[in-house]
file data_11.cif (mmCIF, C-alpha atoms and all ligand atoms)
data_work
#
loop_
_atom_site.label_atom_id
_atom_site.label_comp_id
_atom_site.auth_asym_id
_atom_site.auth_seq_id
_atom_site.Cartn_x
_atom_site.Cartn_y
_atom_site.Cartn_z
CA MET Q 8 13.25 -13.99 -13.48
CA ARG Q 9 13.21 -10.29 -14.16
CA PHE Q 10 11.74 -7.64 -11.88
CA ALA Q 11 11.67 -3.87 -11.43
CA HIS Q 12 11.99 -1.75 -8.27
CA PHE Q 13 11.01 1.89 -7.81
CA SER Q 14 10.25 4.08 -4.82
CA ASP Q 15 9.18 7.38 -3.29
CA CYS Q 16 6.78 8.75 -5.90
CA HIS Q 17 5.31 11.32 -3.49
CA ILE Q 18 2.26 11.92 -5.62
CA HIS Q 19 0.54 15.12 -4.58
CA VAL Q 20 -3.00 16.21 -5.33
CA PRO Q 21 -3.73 19.71 -3.99
CA PRO Q 22 -6.74 19.50 -1.67
CA SER Q 23 -9.98 20.99 -2.96
CA ILE Q 24 -12.15 23.32 -0.84
CA THR Q 25 -14.25 20.36 0.29
CA ASP Q 26 -11.08 18.49 1.32
CA ALA Q 27 -9.65 21.45 3.26
CA HIS Q 28 -10.50 19.78 6.58
CA TYR Q 29 -7.76 17.23 5.87
CA LEU Q 30 -5.25 20.01 6.48
CA LEU Q 31 -6.35 20.40 10.09
CA SER Q 32 -3.52 18.12 11.18
CA LYS Q 33 0.20 17.61 10.70
CA ARG Q 34 -0.61 17.83 7.00
CA ALA Q 35 -0.77 21.65 7.32
CA SER Q 36 3.01 21.88 7.89
CA GLY Q 37 3.62 19.21 5.25
CA TYR Q 38 1.53 21.10 2.72
CA LEU Q 39 3.36 24.34 3.45
CA ASN Q 40 6.69 22.58 3.09
CA LEU Q 41 5.48 21.14 -0.18
CA LEU Q 42 4.57 24.55 -1.54
CA LEU Q 43 7.63 26.39 -0.31
CA ARG Q 44 10.52 23.98 -0.61
CA ARG Q 45 9.54 20.93 -2.58
CA ARG Q 46 7.87 22.23 -5.68
CA HIS Q 47 9.55 19.50 -7.69
CA LEU Q 48 7.12 17.05 -6.06
CA LEU Q 49 4.45 18.58 -8.23
CA GLN Q 50 6.22 16.98 -11.23
CA ALA Q 51 5.98 13.55 -9.64
CA GLU Q 52 2.77 12.59 -11.37
CA ASN Q 53 4.22 12.95 -14.88
CA ASN Q 54 7.38 11.17 -13.78
CA LEU Q 55 5.42 8.25 -12.35
CA TYR Q 56 3.36 7.95 -15.51
CA LYS Q 57 6.53 7.77 -17.65
CA LEU Q 58 8.18 5.32 -15.29
CA CYS Q 59 5.23 2.90 -15.18
CA ARG Q 60 4.86 2.87 -18.96
CA HIS Q 61 8.56 2.17 -19.30
CA ILE Q 62 8.43 -0.71 -16.83
CA ARG Q 63 5.47 -2.17 -18.72
CA SER Q 64 7.51 -2.14 -21.95
CA ARG Q 65 10.22 -4.28 -20.28
CA ASN Q 66 7.92 -7.29 -19.78
CA VAL Q 67 8.93 -7.87 -16.18
CA ASP Q 68 7.65 -10.78 -14.09
CA PHE Q 69 7.24 -8.73 -10.94
CA VAL Q 70 7.46 -5.16 -9.61
CA VAL Q 71 8.43 -3.90 -6.15
CA PHE Q 72 7.53 -0.48 -4.77
CA SER Q 73 9.26 0.46 -1.52
CA GLY Q 74 7.03 3.15 -0.02
CA ASP Q 75 6.05 6.84 0.07
CA ILE Q 76 3.53 6.77 -2.71
CA SER Q 77 1.94 9.98 -1.41
CA ALA Q 78 3.14 13.37 -0.20
CA ILE Q 79 0.85 13.89 2.81
CA ALA Q 80 -1.37 10.75 2.77
CA LEU Q 81 -4.43 12.44 1.30
CA PRO Q 82 -7.03 9.94 0.01
CA ALA Q 83 -6.93 11.69 -3.39
CA GLU Q 84 -3.16 11.13 -3.58
CA PHE Q 85 -3.54 7.39 -2.97
CA LEU Q 86 -6.27 7.16 -5.60
CA ARG Q 87 -4.32 9.12 -8.22
CA ALA Q 88 -1.19 7.01 -7.67
CA ARG Q 89 -3.21 3.80 -7.89
CA GLU Q 90 -4.84 4.92 -11.11
CA ILE Q 91 -1.47 5.66 -12.73
CA ILE Q 92 0.30 2.52 -11.50
CA TYR Q 93 -2.52 0.03 -12.12
CA ASN Q 94 -2.98 1.44 -15.61
CA SER Q 95 0.42 0.00 -16.58
CA ILE Q 96 1.29 -2.65 -14.00
CA ASN Q 97 -0.72 -5.74 -13.08
CA PRO Q 98 -1.70 -5.19 -9.40
CA GLU Q 99 -1.28 -8.90 -8.61
CA SER Q 100 2.33 -8.80 -9.83
CA LEU Q 101 3.18 -5.85 -7.65
CA LEU Q 102 4.38 -5.80 -4.05
CA ILE Q 103 3.80 -2.45 -2.43
CA ILE Q 104 4.61 -1.27 1.09
CA PRO Q 105 3.95 2.03 2.88
CA GLY Q 106 6.44 4.77 3.72
CA ASN Q 107 6.34 7.36 6.48
CA HIS Q 108 4.54 9.85 4.21
CA ASP Q 109 1.77 7.28 3.69
CA TYR Q 110 1.20 7.33 7.47
CA TYR Q 111 1.45 11.11 7.62
CA THR Q 112 -1.30 11.44 10.22
CA PHE Q 113 -2.34 9.24 13.11
CA PHE Q 114 -5.72 8.76 11.45
CA SER Q 115 -4.26 7.62 8.11
CA GLN Q 116 -2.21 4.97 9.91
CA LYS Q 117 -5.03 3.91 12.22
CA THR Q 118 -7.53 3.44 9.40
CA ASN Q 119 -5.10 1.58 7.09
CA ALA Q 120 -5.97 4.04 4.31
CA PHE Q 121 -2.88 3.07 2.31
CA GLU Q 122 -3.38 -0.70 2.62
CA ARG Q 123 -7.08 -0.46 1.79
CA CYS Q 124 -6.36 1.49 -1.38
CA PHE Q 125 -3.63 -0.92 -2.51
CA SER Q 126 -5.13 -4.14 -1.17
CA LEU Q 127 -4.61 -5.98 -4.50
CA SER Q 128 -0.88 -5.40 -4.19
CA SER Q 129 -0.59 -6.03 -0.45
CA LYS Q 130 -1.09 -9.78 -0.54
CA SER Q 131 1.16 -12.39 1.01
CA ASP Q 132 1.79 -15.95 -0.16
CA PHE Q 133 1.95 -16.85 3.54
CA PRO Q 134 -0.50 -14.51 5.31
CA ILE Q 135 0.06 -14.22 9.04
CA SER Q 136 -3.55 -13.15 9.58
CA LYS Q 137 -6.73 -14.19 7.78
CA THR Q 138 -8.57 -11.01 8.77
CA ASP Q 139 -5.95 -8.27 9.05
CA PHE Q 140 -4.77 -7.52 5.49
CA SER Q 141 -2.47 -4.79 6.80
CA ALA Q 142 -0.46 -7.27 8.90
CA TYR Q 143 3.27 -7.63 8.30
CA PRO Q 144 5.53 -9.38 7.43
CA LYS Q 145 4.44 -10.42 3.97
CA ILE Q 146 6.14 -12.90 1.68
CA ARG Q 147 5.95 -13.25 -2.09
CA ILE Q 148 7.90 -15.89 -3.99
CA VAL Q 149 8.50 -15.36 -7.70
CA GLY Q 150 10.82 -17.76 -9.52
CA ASN Q 151 13.91 -18.26 -7.36
CA VAL Q 152 13.43 -14.99 -5.45
CA LEU Q 153 11.70 -14.64 -2.08
CA PHE Q 154 10.55 -11.11 -1.22
CA LEU Q 155 10.13 -10.44 2.50
CA ALA Q 156 8.21 -7.19 3.08
CA LEU Q 157 8.54 -5.50 6.46
CA ASN Q 158 6.78 -2.32 7.51
CA SER Q 159 9.11 0.34 8.92
CA ALA Q 160 6.65 3.24 8.51
CA ARG Q 161 4.92 4.83 11.48
CA PHE Q 162 3.16 8.06 12.31
CA ASN Q 163 5.65 10.59 13.69
CA PRO Q 164 3.97 13.52 15.47
CA LEU Q 165 6.94 15.90 15.06
CA PHE Q 166 7.06 17.47 11.59
CA PHE Q 167 10.85 17.04 11.28
CA ASP Q 168 10.83 13.38 12.34
CA ALA Q 169 10.92 10.95 9.39
CA SER Q 170 12.36 7.99 11.29
CA GLY Q 171 11.02 4.46 11.18
CA ARG Q 172 11.08 1.30 13.23
CA ILE Q 173 10.57 -2.39 12.63
CA SER Q 174 9.05 -3.87 15.75
CA GLN Q 175 10.64 -6.84 17.50
CA ASP Q 176 7.32 -8.63 17.05
CA GLN Q 177 7.57 -8.17 13.27
CA LEU Q 178 11.16 -9.41 13.22
CA ARG Q 179 10.22 -12.46 15.30
CA LYS Q 180 7.29 -13.31 13.01
CA ALA Q 181 9.53 -12.85 9.96
CA SER Q 182 12.09 -15.29 11.40
CA GLU Q 183 9.35 -17.86 12.07
CA LEU Q 184 7.94 -17.44 8.57
CA LEU Q 185 11.34 -17.81 6.92
CA ASP Q 186 11.97 -20.98 8.93
CA THR Q 187 8.60 -22.38 7.80
CA VAL Q 188 9.11 -21.52 4.13
CA ASN Q 189 12.70 -22.79 4.06
CA HIS Q 190 13.52 -21.07 0.76
CA SER Q 191 16.83 -22.00 -0.86
CA GLY Q 192 17.06 -19.27 -3.54
CA ILE Q 193 17.65 -15.53 -3.31
CA THR Q 194 16.10 -13.62 -0.39
CA CYS Q 195 15.31 -9.90 -0.73
CA LEU Q 196 14.16 -7.75 2.17
CA VAL Q 197 11.76 -5.01 1.02
CA LEU Q 198 11.43 -2.07 3.40
CA HIS Q 199 10.93 1.67 3.14
CA HIS Q 200 13.71 3.04 5.34
CA SER Q 201 17.15 2.31 3.97
CA LEU Q 202 19.48 0.79 6.50
CA PHE Q 203 22.54 2.52 5.03
CA LEU Q 204 23.27 5.97 3.63
CA PRO Q 205 25.07 6.00 0.24
CA CYS Q 206 28.39 6.39 2.17
CA GLY Q 207 27.75 3.04 3.92
CA ARG Q 208 26.99 4.38 7.41
CA PHE Q 209 23.66 3.87 9.16
CA ASP Q 210 21.09 6.55 8.36
CA VAL Q 211 20.92 9.41 10.87
CA PRO Q 212 18.59 9.99 13.86
CA PHE Q 213 15.14 11.39 12.97
CA HIS Q 214 15.50 10.01 9.44
CA GLY Q 215 16.65 6.39 9.58
CA LEU Q 216 15.54 3.28 11.42
CA VAL Q 217 15.75 3.73 15.17
CA ASN Q 218 16.62 0.04 15.54
CA SER Q 219 18.93 -0.32 12.54
CA ARG Q 220 21.42 -2.50 14.45
CA SER Q 221 18.85 -5.13 15.33
CA VAL Q 222 17.51 -5.07 11.75
CA LEU Q 223 21.04 -5.63 10.44
CA ARG Q 224 21.48 -8.51 12.93
CA PHE Q 225 18.19 -9.97 11.67
CA CYS Q 226 19.44 -9.75 8.05
CA GLN Q 227 22.71 -11.46 8.93
CA THR Q 228 21.14 -14.31 10.91
CA GLN Q 229 18.28 -14.89 8.45
CA GLY Q 230 20.44 -15.00 5.33
CA ILE Q 231 19.02 -11.89 3.65
CA HIS Q 232 21.03 -11.32 0.46
CA TYR Q 233 19.61 -7.99 -0.72
CA ILE Q 234 17.77 -5.00 0.75
CA LEU Q 235 15.42 -3.16 -1.65
CA SER Q 236 14.61 0.15 0.01
CA GLY Q 237 13.88 3.83 -0.53
CA HIS Q 238 13.34 6.91 1.69
CA ILE Q 239 16.72 8.49 0.82
CA HIS Q 240 16.05 10.27 -2.47
CA ARG Q 241 19.44 9.33 -3.89
CA VAL Q 242 20.14 6.47 -6.25
CA SER Q 243 22.64 4.23 -4.51
CA ILE Q 244 24.03 0.74 -4.16
CA VAL Q 245 25.70 -0.08 -0.86
CA GLN Q 246 27.60 -3.35 -0.60
CA THR Q 247 28.80 -4.78 2.68
CA ARG Q 248 30.42 -8.16 3.24
CA SER Q 249 27.11 -9.93 3.71
CA ILE Q 250 24.42 -7.80 2.08
CA SER Q 251 23.74 -5.38 -0.79
CA GLN Q 252 21.27 -2.52 -0.51
CA TYR Q 253 19.62 -0.99 -3.59
CA ASN Q 254 17.87 2.38 -3.47
CA PRO Q 255 16.33 3.61 -6.75
CA GLY Q 256 15.95 7.27 -5.68
CA SER Q 257 12.67 9.08 -6.13
CA ALA Q 258 10.29 9.92 -8.93
CA ALA Q 259 10.03 13.32 -7.27
CA GLN Q 260 13.75 14.11 -7.22
CA CYS Q 261 15.53 15.80 -10.10
CA GLY Q 262 18.48 13.71 -11.27
CA HIS Q 263 17.52 10.72 -9.13
CA PHE Q 264 14.44 9.51 -10.92
CA GLY Q 265 14.36 6.01 -12.31
CA TYR Q 266 14.11 2.34 -11.41
CA PHE Q 267 16.28 -0.72 -10.98
CA LEU Q 268 15.78 -3.66 -13.29
CA TYR Q 269 17.04 -6.95 -11.87
CA GLU Q 270 17.74 -10.31 -13.52
CA SER Q 271 17.95 -13.23 -11.14
CA SER Q 272 20.12 -16.30 -11.69
CA ASP Q 273 21.50 -19.06 -9.48
CA SER Q 274 24.44 -16.81 -8.59
CA GLY Q 275 22.35 -13.82 -7.48
CA LEU Q 276 20.87 -10.62 -8.89
CA ARG Q 277 22.25 -8.52 -11.69
CA ALA Q 278 20.96 -4.95 -11.33
CA ARG Q 279 20.83 -2.17 -13.87
CA PHE Q 280 19.53 1.33 -13.14
CA HIS Q 281 17.34 2.95 -15.74
CA SER Q 282 17.54 6.71 -15.36
CA PHE Q 283 15.20 9.19 -17.01
CA PHE Q 284 17.82 11.92 -16.82
CA LEU Q 285 20.73 10.46 -18.80
FE FE E 301 10.19 8.21 3.38
#

call {"tool": "encode", "arguments": {"input": "data_11.cif", "output": "structure tokens", "more": "lines below"}}
Ligand SMILES: [Fe+2]
result
Amino acid sequence: MRFAHFSDCHIHVPPSITDAHYLLSKRASGYLNLLLRRRHLLQAENNLYKLCRHIRSRNVDFVVFSGDISAIALPAEFLRAREIIYNSINPESLLIIPGNHDYYTFFSQKTNAFERCFSLSSKSDFPISKTDFSAYPKIRIVGNVLFLALNSARFNPLFFDASGRISQDQLRKASELLDTVNHSGITCLVLHHSLFLPCGRFDVPFHGLVNSRSVLRFCQTQGIHYILSGHIHRVSIVQTRSISQYNPGSAAQCGHFGYFLYESSDSGLRARFHSFFL
């Protein structure tokens, strides 16, 4: 089985006059930051277009996106990203989870704006709720690989806080699901916040998971083999004794724009990074 993994597109669509009211929130500081310090994000749309077309040409069986599709969770950003991605990638063969930028405001999280826009790619083979399509964890099984998607994104009121958390309730439900499924192949945890920095240490306060130790314990006890994550805009592979974490960087980051292509076999995953800057 062959699959691709990309992350952190941060698609931005400047708000029109009629959408200006969306900036009456935390988005105002995000928008200013975007204009002043992160102008490279404005190139993200072209980068995402190139990346999706390239993935399509590789005839993959499945695609994973690990969060932050938008810059400030504007509805127009979600729609533009969906248009670009679905134009090249079959929505049913895509697993997509939100990042902290996709829950940029309390309202965007509360109304499930991200999940509603990407509902075709938010399905689970073992849904934990028949009515709540935004419920996590989600599981997809493709070939000999089980993908467990957990949601670490949350609305953070402070503009400098990009941290995430996976609730104990989510971890408990994930353990119960994994016990029920009893999968014997490869298990990949898909989440937005990387557990480890490229140097191998836990990510830092106000950026990483606030409960990274209990998430690591969960991975060790549940036999997670790989973590497919994003959030840190640096391409990296971190290998510990029990687990390997893959982070494909960001389509909005110069020099760190690309995707991982994985081949699964009985002995595990073989990963190759395709960079658009080599
Ligand atoms: Fe993020």

call {"tool": "residues_near_ligand", "arguments": {"input": "data_11.cif", "ligand": "ligand FE 301 (chain E)", "cutoff": "8 Å", "atoms": "only C-alpha atoms and all ligand atoms", "output": "ChimeraX atom specification"}}
result
/Q:15,74-75,106-108,160,169,199-200,237-239

call {"tool": "residues_around", "arguments": {"input": "data_11.cif", "residues": "Q:His263", "least_positions_apart": "2", "cutoff": "12 Å", "atoms": "all atoms listed in the file", "output": "PyMOL selection string"}}
result
chain Q and resi 13-16+47+51+54+237+239-243+254-261+265-267+280-285

call {"tool": "closest_residue", "arguments": {"input": "data_11.cif", "among": "Q:Pro212, Q:Gly207, Q:Gly275, Q:Gly150", "to": "Q:Tyr233", "atoms": "only C-alpha atoms"}}
result
Q:Gly275

call {"tool": "atom_distance", "arguments": {"input": "data_11.cif", "atom1": "atom CA of Q:Ser251", "atom2": "atom CA of Q:Ser271"}}
result
14.2 Å

call {"tool": "closest_residue", "arguments": {"input": "data_11.cif", "among": "Q:Gly262, Q:Arg277, Q:Val188, Q:Gln252", "to": "Q:Pro134", "atoms": "only C-alpha atoms"}}
result
Q:Val188

call {"tool": "closest_residue", "arguments": {"input": "data_11.cif", "among": "Q:Thr118, Q:Thr247, Q:Thr112, Q:Asn53", "to": "Q:Arg87", "atoms": "only C-alpha atoms"}}
result
Q:Asn53

call {"tool": "atom_distance", "arguments": {"input": "data_11.cif", "atom1": "atom CA of Q:Arg248", "atom2": "atom CA of Q:Arg172"}}
result
23.7 Å

call {"tool": "closest_residue", "arguments": {"input": "data_11.cif", "among": "Q:Ser129, Q:Ser100, Q:Ser201, Q:Ser191", "to": "Q:His214", "atoms": "only C-alpha atoms"}}
result
Q:Ser201

call {"tool": "closest_residue", "arguments": {"input": "data_11.cif", "among": "Q:Leu204, Q:Ser23, Q:Arg220, Q:Cys195", "to": "Q:Val152", "atoms": "all atoms listed in the file"}}
result
Q:Cys195

call {"tool": "atom_distance", "arguments": {"input": "data_11.cif", "atom1": "atom CA of Q:Cys124", "atom2": "atom CA of Q:Phe167"}}
result
26.4 Å

call {"tool": "axis_aligned_box", "arguments": {"input": "data_11.cif", "around": "stretch 10-15 of chain Q", "padding_each_side": "5 Å", "output": "JSON"}}
result
{"center_x": 10.6, "center_y": -0.1, "center_z": -7.6, "size_x": 12.8, "size_y": 25.0, "size_z": 18.6}

call {"tool": "residues_around", "arguments": {"input": "data_11.cif", "residues": "Q:Leu223", "least_positions_apart": "5", "cutoff": "10 Å", "atoms": "all atoms listed in the file", "output": "ChimeraX atom specification"}}
result
/Q:202-203,209,218,228-229,231,250

call {"tool": "closest_residue", "arguments": {"input": "data_11.cif", "among": "Q:Phe10, Q:Tyr56, Q:Phe133, Q:Tyr269", "to": "Q:Ile91", "atoms": "all atoms listed in the file"}}
result
Q:Tyr56

call {"tool": "residues_around", "arguments": {"input": "data_11.cif", "residues": "Q:Phe113", "least_positions_apart": "6", "cutoff": "12 Å", "atoms": "only C-alpha atoms", "output": "PDB file with C-alpha atoms, keeping the file's coordinate frame"}}
result
ATOM      1  CA  SER Q  32      -3.520  18.120  11.180  1.00  0.00           C
ATOM      2  CA  LYS Q  33       0.200  17.610  10.700  1.00  0.00           C
ATOM      3  CA  ARG Q  34      -0.610  17.830   7.000  1.00  0.00           C
ATOM      4  CA  ILE Q  79       0.850  13.890   2.810  1.00  0.00           C
ATOM      5  CA  ALA Q  80      -1.370  10.750   2.770  1.00  0.00           C
ATOM      6  CA  ASN Q 107       6.340   7.360   6.480  1.00  0.00           C
ATOM      7  CA  ASN Q 119      -5.100   1.580   7.090  1.00  0.00           C
ATOM      8  CA  ALA Q 120      -5.970   4.040   4.310  1.00  0.00           C
ATOM      9  CA  ALA Q 160       6.650   3.240   8.510  1.00  0.00           C
ATOM     10  CA  ARG Q 161       4.920   4.830  11.480  1.00  0.00           C
ATOM     11  CA  PHE Q 162       3.160   8.060  12.310  1.00  0.00           C
ATOM     12  CA  ASN Q 163       5.650  10.590  13.690  1.00  0.00           C
ATOM     13  CA  PRO Q 164       3.970  13.520  15.470  1.00  0.00           C
ATOM     14  CA  LEU Q 165       6.940  15.900  15.060  1.00  0.00           C
TER      15      LEU Q 165
END
